[in-house]
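Below: one structure, written as structure tokens.
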Amino acid sequence: MMIDVNPTTQKLMESFLQFKKLHWNRSPVAGFKPSEIMVLFCIKKRVKPDEPGIKVSELSSHLKVTSPTITQLVNSLEESGLVERTMDKEDRRAVRVRLTDDGENVIKKAWQAFSASFSGLVDYLGEEKSNELAELLAEVFSYFNERREQSFQQL
């Protein structure tokens with residue numbers, strides 16, 4: 001059963017659904033799966049150069065996925081030579097993960113590809129429309145985030 005909605009609502013829904021057809025979440029970046037790239041970026045963001053690395057449980061928490069999922073991704077990244085594991089000196093049961101030089105290079109390539117994609121969008125839309133779009137998307141995020149929080153409060 002279809003519910004009648006006003007034309008503007010219908011147009012917005014169709015516009016958002018178009019993005020699903022792009023399969024952004026399935027496209028490899030720098031030859032790696034987006035999930036692997038997300039793990040690399042999280043490690044890069046959370047681990048300072050003088051630190052031993054990040055625990056799998058911390059990665060899991062930051063990326064909001066289960067530890068077994070992160071473990072599989074870290075295994076794959078380690079096999080590719082992008083991350084290395086070391087024993088935690090204070091807690092020998094814990095393992096720390098950090099980027100290798102190859103991991104740093106993959107992040108650099110992924111960031112360049114990501115940046116180039118959005119630079120192309122700015123060229124396509126122009127500065128004014130791009131700024132307007134960024135502001136509108138920030139408002140869209142706020143709206144859906146507030147709705148999500150309200151639904152959690154009702155549980």
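Every chain in the structure tokens has a letter given in the order shown (A, B, ...), and although residue numbers restart at 1 in each chain, ligands are simply numbered from 1 in the order shown.
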
Which polymer residues have any atom within 10 Å of an atom of Gly31 (chain A), counting only C-alpha atoms, with same-chain residues fewer than 4 positions away left out, as a short mmCIF file (atom, residue, chain, number, x, y, z; two decimals) with N, CA and C atoms, in the first residue's frame?
data_model
loop_
_atom_site.label_atom_id
_atom_site.label_comp_id
_atom_site.auth_asym_id
_atom_site.auth_seq_id
_atom_site.Cartn_x
_atom_site.Cartn_y
_atom_site.Cartn_z
N SER A 27 32.56 0.37 -3.36
CA SER A 27 33.64 0.72 -4.29
C SER A 27 34.99 0.67 -3.59
N ILE A 37 39.64 0.76 4.65
CA ILE A 37 40.11 2.15 4.65
C ILE A 37 39.64 2.87 5.91
N VAL A 106 48.81 4.12 1.79
CA VAL A 106 47.46 3.82 1.32
C VAL A 106 46.50 4.90 1.79
N LYS A 109 46.89 7.93 -0.43
CA LYS A 109 46.23 7.73 -1.72
C LYS A 109 44.72 7.81 -1.60
N ALA A 110 44.17 7.19 -0.56
CA ALA A 110 42.72 7.21 -0.35
C ALA A 110 42.24 8.62 -0.10
#

- Item | Contacts of Pro28 (chain A) within 12 Å, only C-alpha atoms, excl. fewer than 5 positions in-chain, as a PyMOL selection string | chain A and resi 23+33-38+106+110+113-114

Restricting it to C-alpha atoms, dump the selection as a compact mmCIF listing (two decimals), in the first residue's frame.
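Dumped to selection_16.txt:
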# COMPACT_ATOMS: atom_id res chain seq x y z
CA HIS A 23 27.13 1.74 -4.34
CA LYS A 33 37.49 -2.17 0.67
CA PRO A 34 35.94 0.93 2.23
CA SER A 35 35.71 -0.91 5.57
CA GLU A 36 39.48 -1.49 5.51
CA ILE A 37 40.11 2.15 4.65
CA MET A 38 37.87 3.23 7.56
CA VAL A 106 47.46 3.82 1.32
CA ALA A 110 42.72 7.21 -0.35
CA ALA A 113 41.08 10.18 -4.21
CA PHE A 114 38.41 11.27 -1.72

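Taking only C-alpha atoms into account, Phe32 (chain A) lies nearest to A:Ile107 out of the set A:His62, A:Asp91, A:Pro68, A:Ile107.
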
Per residue of region 8-63 of chain A within 12 Å of region 87-90 of chain A, note the shortest atom pair and the distance in Å to one decimal, counting only C-alpha atoms, and order the rows by chain and increasing residue number, as a tab-separated table.
residue	atom	partner	partner_atom	distance
A:Glu51	CA	A:Asp88	CA	10.8
A:Pro52	CA	A:Asp88	CA	7.6
A:Gly53	CA	A:Asp88	CA	8.7
A:Ile54	CA	A:Asp88	CA	9.5
A:Lys55	CA	A:Asp88	CA	8.7
A:Val56	CA	A:Asp88	CA	11.7

- For CA of Arg85 (chain A) and CA of Thr71 (chain A), quote the distance in Å rounded to one decimal.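 Distance between the two atoms: 11.2 Å.
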
- Task: Using DSSP on the backbone coordinates, identify all residues within chain A classified as helix (DSSP H, G or I); present the result as an NGL selection string.
- Result: :A and (7-20 or 24-26 or 34-46 or 56-63 or 67-79 or 101-125 or 127-154)

- Message: Could you go through region 33-98 of chain A and tell me which residues DSSP, when run on the backbone, assigns to strand (DSSP E), listing them as a list in words?
- Response: Ile54, Lys55, Val83, Glu84, Arg85, Thr86, Met87, Val95, Arg96, Val97 and Arg98 of chain A
